[in-house]
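Raw contents of work_39.csv, CSV, C-alpha atoms:
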```
chain,number,residue,atom,x,y,z
A,1,MET,CA,0.0,0.0,0.0
A,2,LYS,CA,2.8,2.3,1.0
A,3,ALA,CA,4.8,1.5,-2.1
A,4,ARG,CA,1.8,2.1,-4.3
A,5,ALA,CA,1.2,5.5,-2.7
A,6,ALA,CA,4.9,6.4,-3.3
A,7,ALA,CA,4.7,5.3,-6.9
A,8,LEU,CA,1.6,7.5,-7.4
A,9,ALA,CA,3.3,10.5,-5.8
A,10,ARG,CA,6.3,10.0,-8.2
A,11,LEU,CA,3.9,9.8,-11.1
A,12,ALA,CA,2.1,13.0,-10.0
A,13,LEU,CA,5.5,14.7,-9.6
A,14,ALA,CA,6.6,13.6,-13.1
A,15,THR,CA,3.4,14.8,-14.6
A,16,LEU,CA,3.9,18.1,-12.9
A,17,LEU,CA,7.4,18.4,-14.2
A,18,VAL,CA,6.4,17.5,-17.8
A,19,THR,CA,3.6,20.1,-17.8
A,20,ALA,CA,5.7,22.7,-16.2
A,21,LEU,CA,8.7,22.3,-18.5
A,22,PRO,CA,7.5,23.5,-21.9
A,23,ARG,CA,6.5,26.8,-20.3
A,24,ALA,CA,10.0,27.2,-18.8
A,25,VAL,CA,12.0,26.4,-21.9
A,26,SER,CA,9.9,28.2,-24.5
A,27,GLN,CA,11.3,31.5,-23.5
A,28,ALA,CA,14.8,32.8,-23.7
A,29,PRO,CA,16.0,34.6,-20.5
A,30,GLY,CA,15.1,38.3,-20.6
A,31,GLU,CA,13.0,38.0,-23.7
A,32,PRO,CA,9.4,39.3,-23.4
A,33,PRO,CA,6.7,36.7,-23.0
A,34,ALA,CA,5.1,35.7,-26.3
A,35,GLY,CA,2.0,37.9,-26.8
A,36,LYS,CA,3.0,41.1,-25.0
A,37,GLN,CA,0.2,42.5,-22.9
A,38,SER,CA,-0.1,45.8,-21.1
A,39,GLY,CA,-1.0,45.8,-17.4
A,40,TYR,CA,-4.3,47.2,-18.7
A,41,ALA,CA,-5.2,43.6,-19.7
A,42,TRP,CA,-5.3,42.5,-16.1
A,43,MET,CA,-7.3,45.4,-14.7
A,44,ALA,CA,-10.8,45.3,-13.5
A,45,ARG,CA,-13.6,46.8,-15.7
A,46,GLU,CA,-14.0,49.7,-13.3
A,47,THR,CA,-10.3,50.6,-13.3
A,48,ARG,CA,-10.2,50.4,-17.1
A,49,ALA,CA,-13.2,52.8,-17.2
A,50,ILE,CA,-11.2,55.4,-15.2
A,51,GLN,CA,-8.3,55.2,-17.6
A,52,ASP,CA,-10.4,55.3,-20.7
A,53,ASP,CA,-12.4,58.4,-19.8
A,54,ALA,CA,-10.2,61.5,-20.1
A,55,LEU,CA,-12.6,63.4,-17.9
A,56,ALA,CA,-12.5,60.8,-15.1
A,57,ASN,CA,-8.8,59.8,-15.3
A,58,PRO,CA,-7.1,61.7,-12.5
A,59,GLY,CA,-3.8,61.4,-14.4
A,60,MET,CA,-5.3,64.0,-16.8
A,61,LEU,CA,-5.2,66.6,-14.0
A,62,SER,CA,-1.4,66.2,-14.0
A,63,VAL,CA,-1.4,66.4,-17.8
A,64,LEU,CA,-3.4,69.7,-17.6
A,65,ASP,CA,-0.9,71.0,-15.0
A,66,GLY,CA,1.9,70.2,-17.4
A,67,GLU,CA,0.1,72.0,-20.2
A,68,ALA,CA,0.1,75.2,-18.1
A,69,LEU,CA,3.8,74.7,-17.1
A,70,TRP,CA,4.7,74.2,-20.8
A,71,ALA,CA,3.6,77.8,-21.5
A,72,ARG,CA,5.0,79.4,-18.3
A,73,LYS,CA,8.4,81.1,-18.4
A,74,ALA,CA,11.0,79.7,-16.0
A,75,GLY,CA,14.5,80.5,-15.0
A,76,THR,CA,16.7,83.5,-15.7
A,77,ALA,CA,16.8,82.9,-19.4
A,78,GLY,CA,13.1,83.9,-19.4
A,79,LEU,CA,12.1,81.1,-21.7
A,80,ALA,CA,9.1,78.8,-21.5
A,81,CYS,CA,9.2,75.3,-23.1
A,82,ALA,CA,6.8,76.6,-25.7
A,83,ASP,CA,9.2,79.4,-26.7
A,84,CYS,CA,11.6,76.8,-28.3
A,85,HIS,CA,9.4,73.8,-28.9
A,86,GLY,CA,6.2,75.6,-29.9
A,87,ASP,CA,3.0,73.6,-29.8
A,88,ALA,CA,3.7,70.4,-27.9
A,89,ARG,CA,0.9,68.6,-29.7
A,90,LEU,CA,3.0,68.8,-32.8
A,91,SER,CA,6.6,69.0,-31.6
A,92,MET,CA,6.3,66.4,-28.8
A,93,LYS,CA,4.3,63.9,-30.8
A,94,GLY,CA,6.1,60.5,-30.6
A,95,VAL,CA,9.0,61.9,-28.5
A,96,ALA,CA,8.1,59.8,-25.4
A,97,THR,CA,8.1,56.6,-27.4
A,98,ARG,CA,11.9,57.1,-28.1
A,99,PHE,CA,13.1,57.6,-24.5
A,100,PRO,CA,15.4,56.9,-22.7
A,101,ALA,CA,17.6,58.3,-25.4
A,102,PHE,CA,21.4,58.7,-25.6
A,103,ASP,CA,22.6,62.2,-24.9
A,104,ALA,CA,25.8,62.8,-26.8
A,105,ARG,CA,27.0,65.7,-24.7
A,106,LEU,CA,26.6,63.9,-21.4
A,107,GLY,CA,27.7,60.6,-22.9
A,108,ARG,CA,24.9,58.6,-21.2
A,109,PRO,CA,21.2,57.8,-21.8
A,110,LEU,CA,18.6,60.2,-20.3
A,111,ASN,CA,15.1,59.3,-19.5
A,112,LEU,CA,12.3,61.7,-20.2
A,113,GLU,CA,12.4,63.3,-16.7
A,114,GLN,CA,16.1,63.9,-17.0
A,115,ARG,CA,15.8,65.3,-20.5
A,116,ILE,CA,13.2,67.8,-19.3
A,117,ASN,CA,15.5,68.8,-16.4
A,118,ALA,CA,18.5,69.1,-18.8
A,119,CYS,CA,16.4,71.5,-20.8
A,120,ARG,CA,15.6,73.5,-17.7
A,121,THR,CA,19.2,73.8,-16.4
A,122,GLU,CA,20.8,74.3,-19.8
A,123,ARG,CA,18.3,76.3,-21.8
A,124,GLN,CA,16.0,78.0,-19.3
A,125,ALA,CA,18.7,78.5,-16.7
A,126,ALA,CA,16.2,77.3,-14.1
A,127,PRO,CA,16.9,74.9,-11.2
A,128,ALA,CA,16.3,71.2,-12.0
A,129,LEU,CA,12.9,69.9,-10.7
A,130,ARG,CA,13.1,67.4,-7.9
A,131,TYR,CA,12.4,63.8,-9.0
A,132,GLU,CA,8.7,62.9,-8.3
A,133,SER,CA,7.9,66.5,-7.7
A,134,ARG,CA,4.5,67.6,-8.9
A,135,ASP,CA,5.9,69.8,-11.6
A,136,LEU,CA,8.3,67.3,-13.1
A,137,LEU,CA,5.6,64.6,-13.2
A,138,ALA,CA,3.2,67.1,-14.8
A,139,LEU,CA,5.6,68.1,-17.5
A,140,THR,CA,6.6,64.5,-18.2
A,141,ALA,CA,2.9,63.4,-18.3
A,142,TYR,CA,2.1,66.3,-20.7
A,143,VAL,CA,5.0,65.4,-23.0
A,144,ALA,CA,4.2,61.7,-22.9
A,145,ARG,CA,0.5,62.3,-23.5
A,146,GLN,CA,1.3,63.7,-26.9
A,147,SER,CA,2.4,60.2,-27.9
A,148,HIS,CA,-0.8,58.6,-26.6
A,149,GLY,CA,-1.6,55.5,-28.8
A,150,LEU,CA,1.7,55.6,-30.6
A,151,PRO,CA,3.9,52.4,-30.6
A,152,ILE,CA,6.9,52.4,-28.3
A,153,ALA,CA,9.9,52.8,-30.6
A,154,PRO,CA,13.3,52.7,-28.9
A,155,PRO,CA,16.0,54.3,-31.1
A,156,ALA,CA,18.3,52.0,-33.0
A,157,ASP,CA,21.3,53.9,-31.6
A,158,ALA,CA,24.5,51.9,-31.2
A,159,ARG,CA,25.6,54.1,-28.3
A,160,LEU,CA,22.4,53.1,-26.5
A,161,ARG,CA,22.8,49.4,-27.0
A,162,PRO,CA,25.4,48.7,-24.2
A,163,HIS,CA,23.0,50.5,-21.8
A,164,VAL,CA,20.1,48.3,-22.9
A,165,GLU,CA,22.3,45.2,-22.4
A,166,ALA,CA,23.3,46.5,-19.0
A,167,GLY,CA,19.6,47.0,-18.2
A,168,ARG,CA,18.8,43.4,-19.4
A,169,ALA,CA,21.5,42.1,-17.1
A,170,GLU,CA,19.9,44.1,-14.2
A,171,TYR,CA,16.6,42.6,-15.2
A,172,LEU,CA,18.0,39.1,-15.0
A,173,ARG,CA,20.0,39.6,-11.8
A,174,ARG,CA,18.7,38.0,-8.6
A,175,GLN,CA,18.7,40.5,-5.9
A,176,GLY,CA,17.5,41.3,-2.4
A,177,GLN,CA,16.8,39.1,0.6
A,178,LEU,CA,14.2,37.2,-1.4
A,179,ASN,CA,16.8,36.6,-4.1
A,180,LEU,CA,14.5,37.2,-7.0
A,181,SER,CA,15.1,38.7,-10.4
A,182,CYS,CA,12.6,40.8,-12.3
A,183,ALA,CA,12.5,38.1,-14.9
A,184,GLN,CA,11.4,35.4,-12.5
A,185,CYS,CA,8.1,37.1,-11.9
A,186,HIS,CA,7.4,39.2,-15.0
A,187,ASP,CA,8.6,36.6,-17.5
A,188,GLY,CA,8.2,33.3,-15.6
A,189,LEU,CA,5.1,33.9,-13.5
A,190,ALA,CA,3.2,36.5,-15.5
A,191,ASP,CA,-0.5,35.8,-15.4
A,192,ARG,CA,-0.2,34.2,-12.0
A,193,LYS,CA,-1.1,35.9,-8.7
A,194,LEU,CA,0.9,37.5,-5.9
A,195,VAL,CA,-1.1,38.0,-2.7
A,196,GLY,CA,-4.3,38.1,-4.8
A,197,ASN,CA,-3.0,40.6,-7.3
A,198,PRO,CA,-2.2,39.6,-10.9
A,199,ILE,CA,1.5,39.5,-11.8
A,200,THR,CA,1.7,41.4,-15.1
A,201,GLN,CA,4.4,41.3,-17.8
A,202,GLY,CA,5.8,44.5,-16.4
A,203,HIS,CA,5.7,46.6,-19.6
A,204,PRO,CA,6.1,50.4,-18.9
A,205,THR,CA,3.4,51.4,-21.3
A,206,GLY,CA,1.7,54.2,-19.5
A,207,TYR,CA,4.2,56.3,-17.4
A,208,PRO,CA,3.8,58.5,-15.6
A,209,ILE,CA,0.9,56.5,-14.2
A,210,TYR,CA,-1.9,57.4,-11.8
A,211,ARG,CA,-1.6,54.5,-9.3
A,212,LEU,CA,-4.7,54.0,-7.1
A,213,GLU,CA,-2.4,52.6,-4.3
A,214,TRP,CA,-0.4,55.8,-4.4
A,215,GLN,CA,-3.4,58.1,-4.7
A,216,ALA,CA,-1.1,60.1,-7.0
A,217,VAL,CA,0.8,60.2,-10.2
A,218,GLY,CA,4.2,58.6,-10.2
A,219,SER,CA,7.2,57.8,-12.4
A,220,LEU,CA,8.5,54.5,-13.7
A,221,GLN,CA,11.5,54.9,-11.4
A,222,ARG,CA,9.1,55.1,-8.4
A,223,ARG,CA,7.4,51.9,-9.6
A,224,LEU,CA,10.8,50.1,-10.0
A,225,ARG,CA,11.8,51.2,-6.5
A,226,ASN,CA,8.5,49.6,-5.3
A,227,CYS,CA,9.4,46.3,-6.8
A,228,MET,CA,12.9,46.4,-5.4
A,229,ALA,CA,11.7,47.1,-1.9
A,230,GLY,CA,9.2,44.3,-2.4
A,231,VAL,CA,12.1,41.7,-2.9
A,232,ARG,CA,13.9,43.4,0.0
A,233,ALA,CA,16.6,44.8,-2.2
A,234,GLU,CA,18.1,48.2,-1.8
A,235,PRO,CA,16.3,50.4,-4.4
A,236,HIS,CA,18.3,52.5,-6.8
A,237,PRO,CA,18.3,56.2,-6.0
A,238,TYR,CA,16.1,58.3,-8.3
A,239,GLY,CA,17.8,58.8,-11.7
A,240,ALA,CA,20.6,56.4,-11.0
A,241,ALA,CA,22.4,55.1,-14.1
A,242,GLU,CA,21.4,51.5,-13.3
A,243,ALA,CA,17.7,52.5,-13.1
A,244,VAL,CA,17.9,54.4,-16.4
A,245,ASN,CA,19.5,51.4,-18.0
A,246,LEU,CA,16.7,49.2,-16.7
A,247,GLU,CA,14.2,51.7,-18.1
A,248,ALA,CA,15.9,51.5,-21.5
A,249,TYR,CA,15.8,47.7,-21.4
A,250,LEU,CA,12.1,47.7,-20.4
A,251,MET,CA,11.2,50.1,-23.2
A,252,TRP,CA,13.1,47.9,-25.7
A,253,ARG,CA,11.3,44.9,-24.3
A,254,ALA,CA,7.9,46.7,-24.7
A,255,ARG,CA,8.8,47.9,-28.2
A,256,GLY,CA,5.7,48.2,-30.5
A,257,MET,CA,3.2,48.4,-27.7
A,258,PRO,CA,1.0,51.6,-27.7
A,259,LEU,CA,1.7,54.2,-25.1
A,260,GLU,CA,-1.2,54.8,-22.7
A,261,THR,CA,0.0,57.8,-20.7
A,262,PRO,CA,-1.5,58.7,-18.3
A,263,ALA,CA,-2.4,55.1,-17.5
A,264,VAL,CA,-4.3,54.2,-14.3
A,265,ARG,CA,-3.1,51.2,-12.4
A,266,PRO,CA,-4.5,49.6,-9.2
B,1,MET,CA,-5.8,77.9,-2.5
B,2,SER,CA,-7.7,76.4,-5.3
B,3,GLY,CA,-7.3,73.4,-7.5
B,4,ARG,CA,-8.0,72.1,-11.0
B,5,VAL,CA,-11.5,70.6,-11.6
B,6,LEU,CA,-13.0,68.8,-14.6
B,7,VAL,CA,-16.8,68.7,-15.1
B,8,THR,CA,-18.8,66.9,-17.7
B,9,VAL,CA,-22.4,68.1,-18.4
B,10,PRO,CA,-24.4,67.6,-21.6
B,11,ARG,CA,-24.5,70.9,-23.5
B,12,THR,CA,-28.1,70.4,-24.5
B,13,ALA,CA,-31.0,68.4,-23.1
B,14,ARG,CA,-34.7,68.0,-23.6
B,15,ARG,CA,-37.0,69.4,-20.9
B,16,GLY,CA,-37.7,66.8,-18.2
B,17,GLU,CA,-34.7,64.6,-19.3
B,18,ILE,CA,-32.5,63.1,-16.6
B,19,ILE,CA,-28.9,64.3,-17.1
B,20,GLU,CA,-25.8,62.9,-15.7
B,21,ILE,CA,-23.2,65.2,-14.3
B,22,ARG,CA,-19.6,64.0,-13.6
B,23,THR,CA,-17.1,66.0,-11.6
B,24,LEU,CA,-13.4,65.4,-10.8
B,25,ALA,CA,-11.5,67.7,-8.4
B,26,GLN,CA,-7.8,67.8,-7.9
B,27,HIS,CA,-7.1,67.3,-4.2
B,28,VAL,CA,-4.7,65.3,-2.1
B,29,MET,CA,-7.4,64.3,0.5
B,30,GLU,CA,-4.8,63.9,3.3
B,31,THR,CA,-6.7,62.0,6.0
B,32,GLY,CA,-5.2,63.5,9.1
B,33,TYR,CA,-4.6,60.0,10.4
B,34,ARG,CA,-1.1,59.5,8.9
B,35,ARG,CA,2.2,60.3,10.4
B,36,ASN,CA,5.4,61.5,8.6
B,37,GLU,CA,8.8,59.9,8.7
B,38,VAL,CA,9.6,61.3,12.1
B,39,GLY,CA,6.3,60.3,13.7
B,40,ARG,CA,4.5,63.6,13.7
B,41,PRO,CA,0.9,63.6,12.5
B,42,ILE,CA,0.3,65.0,9.0
B,43,PRO,CA,-2.5,67.6,9.4
B,44,ARG,CA,-5.8,66.8,7.8
B,45,ASP,CA,-6.3,68.4,4.4
B,46,ILE,CA,-9.6,67.3,2.7
B,47,VAL,CA,-12.5,68.7,0.7
B,48,ARG,CA,-15.3,69.1,3.2
B,49,LEU,CA,-18.3,70.1,1.0
B,50,PHE,CA,-19.4,70.0,-2.6
B,51,VAL,CA,-22.5,71.8,-3.8
B,52,CYS,CA,-24.1,72.0,-7.2
B,53,THR,CA,-26.7,74.6,-8.0
B,54,TYR,CA,-28.9,74.8,-11.1
B,55,ASN,CA,-29.9,78.5,-11.8
B,56,GLY,CA,-29.3,79.2,-8.2
B,57,VAL,CA,-31.3,76.3,-6.8
B,58,GLU,CA,-29.3,73.6,-5.0
B,59,VAL,CA,-29.7,70.3,-6.7
B,60,PHE,CA,-26.9,68.2,-5.2
B,61,ARG,CA,-24.7,68.4,-2.1
B,62,ALA,CA,-22.1,66.1,-0.7
B,63,GLU,CA,-20.2,66.1,2.6
B,64,LEU,CA,-16.8,64.5,2.2
B,65,HIS,CA,-14.8,62.8,4.9
B,66,SER,CA,-11.3,61.4,5.6
B,67,ALA,CA,-11.9,58.0,4.0
B,68,ILE,CA,-12.6,59.4,0.6
B,69,ALA,CA,-9.9,58.9,-2.1
B,70,ALA,CA,-7.7,61.6,-3.5
B,71,ASN,CA,-9.1,63.6,-6.4
B,72,PRO,CA,-12.7,62.9,-5.5
B,73,TYR,CA,-14.9,61.9,-8.5
B,74,LEU,CA,-18.6,62.5,-8.0
B,75,VAL,CA,-21.3,61.4,-10.4
B,76,PHE,CA,-24.9,62.4,-9.9
B,77,THR,CA,-28.1,63.2,-11.9
B,78,THR,CA,-30.6,65.9,-12.0
B,79,VAL,CA,-33.6,66.8,-14.2
B,80,ALA,CA,-33.1,69.3,-17.0
B,81,THR,CA,-35.8,71.9,-16.2
B,82,GLU,CA,-34.7,75.1,-18.0
B,83,SER,CA,-31.8,76.6,-19.9
B,84,GLY,CA,-29.2,78.2,-17.6
B,85,THR,CA,-26.1,77.6,-15.6
B,86,LEU,CA,-25.0,74.7,-13.5
B,87,ALA,CA,-22.6,76.0,-10.8
B,88,PHE,CA,-20.2,73.8,-8.8
B,89,ARG,CA,-18.4,74.7,-5.7
B,90,TRP,CA,-15.9,72.6,-3.7
B,91,SER,CA,-14.6,73.8,-0.3
B,92,GLY,CA,-12.4,72.3,2.3
B,93,ASP,CA,-9.6,72.6,4.8
B,94,ASN,CA,-6.9,75.3,4.6
B,95,GLY,CA,-9.1,77.6,2.7
B,96,TYR,CA,-9.5,75.3,-0.3
B,97,THR,CA,-12.2,76.4,-2.7
B,98,ALA,CA,-12.7,75.6,-6.4
B,99,THR,CA,-15.6,76.7,-8.6
B,100,GLU,CA,-16.8,75.9,-12.1
B,101,SER,CA,-19.9,76.7,-14.0
B,102,VAL,CA,-21.3,75.2,-17.2
B,103,ALA,CA,-24.1,76.5,-19.4
B,104,ILE,CA,-26.8,74.1,-20.5
B,105,SER,CA,-29.5,74.7,-23.1
B,106,VAL,CA,-32.8,72.9,-22.5
B,107,THR,CA,-35.3,72.6,-25.4
```
Would you mind writing the structure in this file as structure tokens?
Amino acid sequence: MKARAAALARLALATLLVTALPRAVSQAPGEPPAGKQSGYAWMARETRAIQDDALANPGMLSVLDGEALWARKAGTAGLACADCHGDARLSMKGVATRFPAFDARLGRPLNLEQRINACRTERQAAPALRYESRDLLALTAYVARQSHGLPIAPPADARLRPHVEAGRAEYLRRQGQLNLSCAQCHDGLADRKLVGNPITQGHPTGYPIYRLEWQAVGSLQRRLRNCMAGVRAEPHPYGAAEAVNLEAYLMWRARGMPLETPAVRP
Amino acid sequence: MSGRVLVTVPRTARRGEIIEIRTLAQHVMETGYRRNEVGRPIPRDIVRLFVCTYNGVEVFRAELHSAIAANPYLVFTTVATESGTLAFRWSGDNGYTATESVAISVT
């Protein structure tokens, strides 16, 4: 009786392994899961409704703040964003789909927030805006909104490639006390649940997002810091080179997906 | 202090028609129950009252409290009785007020 039970258990284990294996080997490490899906796909009907209605989406309040800031003069140069870039609806269309982008003068990639701050300090002669400050999020959201619905298109820039590769290595690196890599959840366990919440594929399609948990708009870097704290790793400081590399890799991984800014997430 | 508000009202309606009004107000809705990094209470900062008037007549009123989410989104209905103005007013802690008015034409 005992032997039979053990044999059955072995059979059950073997069946488990056989069914589990194809899923594990069908995907190269760090490659996006087949059939890329935005976090939107896992959201409740009610949360989708908030995102879809521009007059109910609280992220749009930030976009409108950004629109006002775009036209406001800042710094000792006495310039507004609009003085150089004109109508953002034309000049900024598609721009957010190509960030992070390599900055030749600084010799490193900049994300959209850093690009806006570079413009402020170099052209407007204004102090850089603090990461996650209301104004920086608003300007970023306003610029990114102009690419709403356009496919994410990371630039085919050879100088950017090593940074994307470094970002991929960061994505695959096990870290923190829980010793987990990004890939283990967002490639391997996407579509499963973590404490009742769906694990998504982790595509940054709608940043800055309005996150219901935050009750506020936040950047991709804030979201990444969240995940890192979740695996008990030390989060990268805002704007750290490693974090920008990771952003660059994630955008490459999400290439072709339409931008949803400002997305709403639970 | 005032904040940004978004209001959706149908521009035209038939007399007697029930119209849906949607409002979104930008506000942090700080509960007053949280503490900061050094343990000091963060003072409450919420919207206390929302009132909608239709040609001067109050048609909807809401009292808001600490448990209500940031950027309160209120949806309500009223009956289109005559052409005129729907006026909205939010007020709250720290002298917060926001107003908006929308014209409606009733046929």
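You can rank B:Ile104, B:Leu6, B:Leu24, B:Ala87 by their closest distance to Glu58 in chain B using all atoms listed in the file, and at the top of that list sits B:Ala87.
Comparing the minimum interatomic distances between Val75 in chain B and each of B:Thr53, B:Thr23, B:Thr97, B:Thr8, counting only C-alpha atoms, we find that B:Thr23 sits nearest.
The smallest atom-to-atom distance between Gly176 in chain A and any of A:Tyr142, A:Pro154, A:Val231, A:Gly149, using only C-alpha atoms, is found for A:Val231.
What separates CA of Thr76 in chain A from CA of Ala125 in chain A is a distance of 5.5 Å.
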Give me, as JSON lines, the closest atom pair and its distance (Å, one decimal) for every residue of chain A within a cut-off of 12 Å of chain B, counting only C-alpha atoms, rows sorted by chain and rising number.
```
{"residue": "A:Ile50", "atom": "CA", "partner": "B:Tyr73", "partner_atom": "CA", "distance": 10.0}
{"residue": "A:Asp53", "atom": "CA", "partner": "B:Thr8", "partner_atom": "CA", "distance": 10.8}
{"residue": "A:Ala54", "atom": "CA", "partner": "B:Leu6", "partner_atom": "CA", "distance": 9.6}
{"residue": "A:Leu55", "atom": "CA", "partner": "B:Leu6", "partner_atom": "CA", "distance": 6.3}
{"residue": "A:Ala56", "atom": "CA", "partner": "B:Leu24", "partner_atom": "CA", "distance": 6.4}
{"residue": "A:Asn57", "atom": "CA", "partner": "B:Leu24", "partner_atom": "CA", "distance": 8.5}
{"residue": "A:Pro58", "atom": "CA", "partner": "B:Asn71", "partner_atom": "CA", "distance": 6.7}
{"residue": "A:Gly59", "atom": "CA", "partner": "B:Asn71", "partner_atom": "CA", "distance": 9.8}
{"residue": "A:Met60", "atom": "CA", "partner": "B:Leu6", "partner_atom": "CA", "distance": 9.3}
{"residue": "A:Leu61", "atom": "CA", "partner": "B:Gln26", "partner_atom": "CA", "distance": 6.7}
{"residue": "A:Ser62", "atom": "CA", "partner": "B:Gln26", "partner_atom": "CA", "distance": 9.0}
{"residue": "A:Val63", "atom": "CA", "partner": "B:Arg4", "partner_atom": "CA", "distance": 11.1}
{"residue": "A:Leu64", "atom": "CA", "partner": "B:Arg4", "partner_atom": "CA", "distance": 8.4}
{"residue": "A:Asp65", "atom": "CA", "partner": "B:Arg4", "partner_atom": "CA", "distance": 8.2}
{"residue": "A:Gly66", "atom": "CA", "partner": "B:Arg4", "partner_atom": "CA", "distance": 11.9}
{"residue": "A:Ala68", "atom": "CA", "partner": "B:Arg4", "partner_atom": "CA", "distance": 11.2}
{"residue": "A:Arg134", "atom": "CA", "partner": "B:Val28", "partner_atom": "CA", "distance": 11.7}
{"residue": "A:Tyr210", "atom": "CA", "partner": "B:Asn71", "partner_atom": "CA", "distance": 10.9}
{"residue": "A:Arg211", "atom": "CA", "partner": "B:Ala70", "partner_atom": "CA", "distance": 11.0}
{"residue": "A:Leu212", "atom": "CA", "partner": "B:Ala69", "partner_atom": "CA", "distance": 8.7}
{"residue": "A:Glu213", "atom": "CA", "partner": "B:Ala69", "partner_atom": "CA", "distance": 10.0}
{"residue": "A:Trp214", "atom": "CA", "partner": "B:Ala70", "partner_atom": "CA", "distance": 9.4}
{"residue": "A:Gln215", "atom": "CA", "partner": "B:Ala70", "partner_atom": "CA", "distance": 5.7}
{"residue": "A:Ala216", "atom": "CA", "partner": "B:Ala70", "partner_atom": "CA", "distance": 7.6}
{"residue": "A:Val217", "atom": "CA", "partner": "B:Ala70", "partner_atom": "CA", "distance": 10.9}
```
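You will find CA of Arg35 in chain B at 15.7 Å from CA of Ala67 in chain B.
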Worksheet item: Residues at most 12 Å from Arg174 in chain A, counting all atoms listed in the file, excluding those fewer than 5 positions away in the same chain, as number ranges by chain?
Response: A: 169, 179-185, 228, 231-233
Atoms to include: C-alpha atoms. Write the selected residues as a PDB file, in the frame of the given file.
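selection.pdb written:
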```pdb
ATOM      1  CA  ALA A 169      21.500  42.100 -17.100  1.00  0.00           C
ATOM      2  CA  ASN A 179      16.800  36.600  -4.100  1.00  0.00           C
ATOM      3  CA  LEU A 180      14.500  37.200  -7.000  1.00  0.00           C
ATOM      4  CA  SER A 181      15.100  38.700 -10.400  1.00  0.00           C
ATOM      5  CA  CYS A 182      12.600  40.800 -12.300  1.00  0.00           C
ATOM      6  CA  ALA A 183      12.500  38.100 -14.900  1.00  0.00           C
ATOM      7  CA  GLN A 184      11.400  35.400 -12.500  1.00  0.00           C
ATOM      8  CA  CYS A 185       8.100  37.100 -11.900  1.00  0.00           C
ATOM      9  CA  MET A 228      12.900  46.400  -5.400  1.00  0.00           C
ATOM     10  CA  VAL A 231      12.100  41.700  -2.900  1.00  0.00           C
ATOM     11  CA  ARG A 232      13.900  43.400   0.000  1.00  0.00           C
ATOM     12  CA  ALA A 233      16.600  44.800  -2.200  1.00  0.00           C
TER      13      ALA A 233
END
```
Worksheet item: So what do you get for CA of Ile199 in chain A versus CA of His186 in chain A, distance-wise?
Response: 6.7 Å
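Of the residues under consideration (A:Pro266, A:Pro109, A:Gly167, A:Gly86), A:Pro266 shows the shortest atom-to-atom contact distance to Trp42 in chain A when counting only C-alpha atoms.
Minimum atom-to-atom distances from B:Glu82, B:Ile21, B:Ser66, B:Glu100 to Tyr33 in chain B were compared using only C-alpha atoms, and the lowest value belongs to B:Ser66.
For Ser101 in chain B, the set of protein, DNA and RNA residues having any atom at most 7 Å away, when counting only C-alpha atoms and skipping those fewer than 5 positions along the same chain, is B:Thr85, B:Leu86, B:Ala87, B:Phe88.
Among the candidate residues A:Pro204, A:Arg265, A:Val143, A:Ala248, the one lying nearest to Val95 in chain A is A:Val143, with distances computed using all atoms listed in the file.
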Practice prompt. Quick one: everything within 12 Å of Ala41 in chain A, counting only C-alpha atoms, minus sequence neighbours fewer than 2 positions away in the same chain. Send it as a PyMOL selection string.
Written response: chain A and resi 35-39+43-45+47-48+190-191+198-203+205+264-265
Discussion item. Just want the 12 Å neighbourhood of Leu150 in chain A, counted on all atoms listed in the file, with same-chain residues fewer than 2 positions away dropped. Output as a ChimeraX atom specification.
Written reply: /A:92-98,144-148,152-153,205-206,255-261
Worksheet entry | Neighbour list for Ala156 in chain A as a ChimeraX atom specification, cut-off 12 Å, all atoms listed in the file, skip fewer than 3 positions in-chain | /A:98-102,153,159-162,164,248,252,255
N, CA and C atoms for range 94-101 of chain B, written as a short mmCIF file (atom, residue, chain, number, x, y, z; two decimals), keeping the file's coordinate frame, could you do that?
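Written out: part12.cif:
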```
data_model
loop_
_atom_site.label_atom_id
_atom_site.label_comp_id
_atom_site.auth_asym_id
_atom_site.auth_seq_id
_atom_site.Cartn_x
_atom_site.Cartn_y
_atom_site.Cartn_z
N ASN B 94 -7.91 74.32 5.03
CA ASN B 94 -6.90 75.30 4.60
C ASN B 94 -7.34 76.25 3.56
N GLY B 95 -8.61 76.62 3.66
CA GLY B 95 -9.10 77.60 2.70
C GLY B 95 -9.31 77.16 1.32
N TYR B 96 -9.36 75.84 1.11
CA TYR B 96 -9.50 75.30 -0.30
C TYR B 96 -10.88 75.65 -0.83
N THR B 97 -10.89 76.26 -1.99
CA THR B 97 -12.20 76.40 -2.70
C THR B 97 -11.85 76.21 -4.21
N ALA B 98 -12.82 75.68 -4.91
CA ALA B 98 -12.70 75.60 -6.40
C ALA B 98 -14.13 75.76 -6.91
N THR B 99 -14.23 76.47 -8.00
CA THR B 99 -15.60 76.70 -8.60
C THR B 99 -15.50 76.43 -10.08
N GLU B 100 -16.66 76.09 -10.62
CA GLU B 100 -16.80 75.90 -12.10
C GLU B 100 -18.24 76.12 -12.41
N SER B 101 -18.51 76.63 -13.59
CA SER B 101 -19.90 76.70 -14.00
C SER B 101 -20.01 76.38 -15.48
#
```
